[in-house]
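Note sheet for the following structure.
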Protein chains: 2
Amino acid sequence: MFYTIGEMAQKLNVAPSTLRYYDKEGLLPFVERSNGGIRMFKDEDMEWLRMLGCLKKAGMPLREIRNFMECSRQGDATISQRLELIEKQRQSVLDQQKQLEDTLLMLDYKQWYYQTAQAAGTCAVHETMPLEEIPERFRSLVAVWEAEE
Amino acid sequence: MFYTIGEMAQKLNVAPSTLRYYDKEGLLPFVERSNGGIRMFKDEDMEWLRMLGCLKKAGMPLREIRNFMECSRQGDATISQRLELIEKQRQSVLDQQKQLEDTLLMLDYKQWYYQTAQAAGTCAVHETMPLEEIPERFRSLVAVWEAEE
DNA sequence: ATATAACTTAAAGTCAACTTTAAGTCAAGC
DNA sequence: GCTTGACTTAAAGTTGACTTTAAGTTATAT
């Protein structure tokens, strides 16, 4: 069973031009062509495209994804190299998670800050707020800032 | 106590040109200038720059950050609007976290996949692997793929 | 007074990841 | 056989976030 680029793009929810771009950049070395030169996607290509999507979501740049795809084409000799790439990207995701957690704490604090200001009708309420009224989980944040300034 | 753009850039670990760019784009409406036209950063500006950094890490585009900064300048009348922006961005971070968790599971699976392939010396080991030998937490992943194809 | 280092602006350049355009080809239905 | 819609390529354009360059100004140290 084959799919045209338009059908595949719809399945993946991307623009056909995006798939052509990926192909041009060497990210889709697996796609076959008809006699007339038209791309024929197979069901098993989905697995590669899913892999591509996963690496993209992990923040891997396209040229590294191409690298990974090229390794895959070369077969079992590149297993360790691919494992290394995956492990590197896995660590990158762990780092991103840590980063997002810090960011979330800051946004939680700002949310509380503006909720409090909204209730008081003015941001000035925070200038006179005693430390004890700041929820505990935000105190470390605020402490760091005051030390820096 | 005032800082030049170079000093402030060093404190924030960014290039001075980045701060000039942010200023040009209206993200730093708070910076004052000397008679000669040189930017004079104050200690309290740090709080705005920290806010900017937080919103950037949360993935907010610069024009929305400018919007937020403009609101801030307008004082207490825009508290609800700013709260709304923060809550929107907080939700976006939660979504990103969810996304990263899915991505991590896929990478964990791929890591296991290549570790197993490495031990066996070939990826072919996965073609004949019975479902029971796939670690449980990956089975839902694999099941979804087989249903799709 | 002058050298020098760090500042200033405006404009152009860069990079990644696409998207759009132009000109043309392929495939399916009538 | 012809129309039509989806495909093809190459090349140019877009967007966001900077960075670099060029030409000039300010501040400081001698």
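For the structure tokens, the naming scheme is as follows: chains receive sequential letters (A, B, ...) according to their order of presentation, residues are indexed from 1 within each chain, and ligands are indexed from 1 in presentation order.
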
Residues of chain B no more than 10 Å from chain D, counting only C-alpha atoms (C1' of nucleotides): send them over as a list in words.
->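 Every residue of chain B that passes the 10 Å test is in Ala15, Ser17, Thr18, Tyr21, Tyr22, Asn35, Gly36, Gly37, Ile38, Pro61, Leu62 and Arg63 of chain B.
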
May I have the residues from that selection written out with C-alpha atoms, as a PDB file, in the first residue's frame?
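File written: part22.pdb
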```
ATOM      1  CA  ALA B  15      25.834  39.694  24.414  1.00  0.00           C
ATOM      2  CA  SER B  17      24.094  43.436  21.134  1.00  0.00           C
ATOM      3  CA  THR B  18      21.253  41.255  22.397  1.00  0.00           C
ATOM      4  CA  TYR B  21      18.236  44.458  20.123  1.00  0.00           C
ATOM      5  CA  TYR B  22      15.729  43.945  22.935  1.00  0.00           C
ATOM      6  CA  ASN B  35      23.070  62.963  28.912  1.00  0.00           C
ATOM      7  CA  GLY B  36      25.405  61.494  26.293  1.00  0.00           C
ATOM      8  CA  GLY B  37      22.806  58.902  25.327  1.00  0.00           C
ATOM      9  CA  ILE B  38      24.413  55.942  27.066  1.00  0.00           C
ATOM     10  CA  PRO B  61       7.853  35.203  21.589  1.00  0.00           C
ATOM     11  CA  LEU B  62       9.535  38.593  21.912  1.00  0.00           C
ATOM     12  CA  ARG B  63       6.548  40.586  20.633  1.00  0.00           C
TER      13      ARG B  63
END
```

Would you mind writing down, as a ChimeraX atom specification, each residue of range 10-63 of chain B that DSSP on the backbone assigns to helix (DSSP H, G or I)?
-> /B:10-12,16-24,45-57,62-63

With C-alpha atoms retained, write the just-selected residues as a PDB file, in the first residue's frame.
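Result went into out.pdb, see below:
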```
ATOM      1  CA  GLN B  10      27.957  40.212  31.667  1.00  0.00           C
ATOM      2  CA  LYS B  11      25.689  39.877  34.718  1.00  0.00           C
ATOM      3  CA  LEU B  12      23.010  38.287  32.558  1.00  0.00           C
ATOM      4  CA  PRO B  16      25.502  43.487  24.664  1.00  0.00           C
ATOM      5  CA  SER B  17      24.094  43.436  21.134  1.00  0.00           C
ATOM      6  CA  THR B  18      21.253  41.255  22.397  1.00  0.00           C
ATOM      7  CA  LEU B  19      20.281  43.870  24.987  1.00  0.00           C
ATOM      8  CA  ARG B  20      20.444  46.600  22.318  1.00  0.00           C
ATOM      9  CA  TYR B  21      18.236  44.458  20.123  1.00  0.00           C
ATOM     10  CA  TYR B  22      15.729  43.945  22.935  1.00  0.00           C
ATOM     11  CA  ASP B  23      15.741  47.650  23.629  1.00  0.00           C
ATOM     12  CA  LYS B  24      15.173  48.479  19.957  1.00  0.00           C
ATOM     13  CA  ASP B  45      16.028  46.795  36.206  1.00  0.00           C
ATOM     14  CA  MET B  46      17.370  43.344  37.046  1.00  0.00           C
ATOM     15  CA  GLU B  47      13.888  42.344  38.135  1.00  0.00           C
ATOM     16  CA  TRP B  48      12.480  43.213  34.712  1.00  0.00           C
ATOM     17  CA  LEU B  49      15.307  41.447  32.945  1.00  0.00           C
ATOM     18  CA  ARG B  50      14.739  38.401  35.135  1.00  0.00           C
ATOM     19  CA  MET B  51      11.082  38.507  34.194  1.00  0.00           C
ATOM     20  CA  LEU B  52      12.080  38.775  30.543  1.00  0.00           C
ATOM     21  CA  GLY B  53      14.367  35.771  30.922  1.00  0.00           C
ATOM     22  CA  CYS B  54      11.616  33.789  32.592  1.00  0.00           C
ATOM     23  CA  LEU B  55       9.104  34.528  29.841  1.00  0.00           C
ATOM     24  CA  LYS B  56      11.692  33.711  27.209  1.00  0.00           C
ATOM     25  CA  LYS B  57      12.477  30.365  28.834  1.00  0.00           C
ATOM     26  CA  LEU B  62       9.535  38.593  21.912  1.00  0.00           C
ATOM     27  CA  ARG B  63       6.548  40.586  20.633  1.00  0.00           C
TER      28      ARG B  63
END
```

Any idea what's packed within 10 Å of Ser92 in chain B, counting only C-alpha atoms (C1' of nucleotides), ignoring anything in its chain fewer than 6 positions away? Could you give it as a PyMOL selection string?
-> (chain A and resi 104) or (chain B and resi 58-60+86+98)

Coordinates-based distance that separates CA of Leu94 in chain B from CA of Asp108 in chain A (Å, one decimal) =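 We find that CA of Asp108 in chain A and CA of Leu94 in chain B lie 11.3 Å from each other.
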
Point-to-point distance in Å for CA of Ser140 in chain B and CA of Met8 in chain A |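 Interatomic distance, CA of Met8 in chain A to CA of Ser140 in chain B: 23.2 Å.
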
Set the cut-off to 10 Å and count only C-alpha atoms (C1' of nucleotides): what are the residues of chain C that reach chain A? Output as a short mmCIF file (atom, residue, chain, number, x, y, z; two decimals) with C-alpha atoms (C1' of nucleotides), in the first residue's frame.
```cif
data_model
loop_
_atom_site.label_atom_id
_atom_site.label_comp_id
_atom_site.auth_asym_id
_atom_site.auth_seq_id
_atom_site.Cartn_x
_atom_site.Cartn_y
_atom_site.Cartn_z
"C1'" DA C 16 17.20 27.36 11.05
"C1'" DA C 17 13.15 25.81 9.42
"C1'" DC C 18 10.01 26.38 6.56
"C1'" DT C 19 6.74 28.45 2.75
"C1'" DT C 20 5.78 30.39 -1.64
"C1'" DT C 25 4.92 16.95 -15.44
"C1'" DC C 26 1.97 13.01 -14.10
"C1'" DA C 27 -2.35 10.45 -13.45
#
```

One decimal, Å: what's the distance from CA of Ala119 in chain B over to CA of Glu101 in chain B, could you say?
->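 We find that CA of Ala119 in chain B and CA of Glu101 in chain B lie 26.8 Å from each other.
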
Chain A contacts to chain B at 7 Å (only C-alpha atoms) as a list in words |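 Residues satisfying the distance criterion: Asp43, Cys54, Lys57, Ala58, Asp76, Ile79, Ser80, Leu83, Ile86, Glu87, Arg90, Val93, Gln97, Leu100, Thr103, Leu104, Met106, Leu107, Gln111, Tyr114, Gln115, Gln118, Thr122, Cys123 and Glu149 of chain A.
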
Where in range 27-115 of chain B does DSSP assign strand (DSSP E or B), given as a list in words?
->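 Strand (DSSP E or B) members of range 27-115 of chain B, listed: Glu32, Arg33, Arg39, Met40, Phe41 and Lys42 of chain B.
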
Closest of C:DC30, C:DA23, C:DA12, C:DA6 to Gly6 in chain B, counting only C-alpha atoms (C1' of nucleotides), is C:DA6
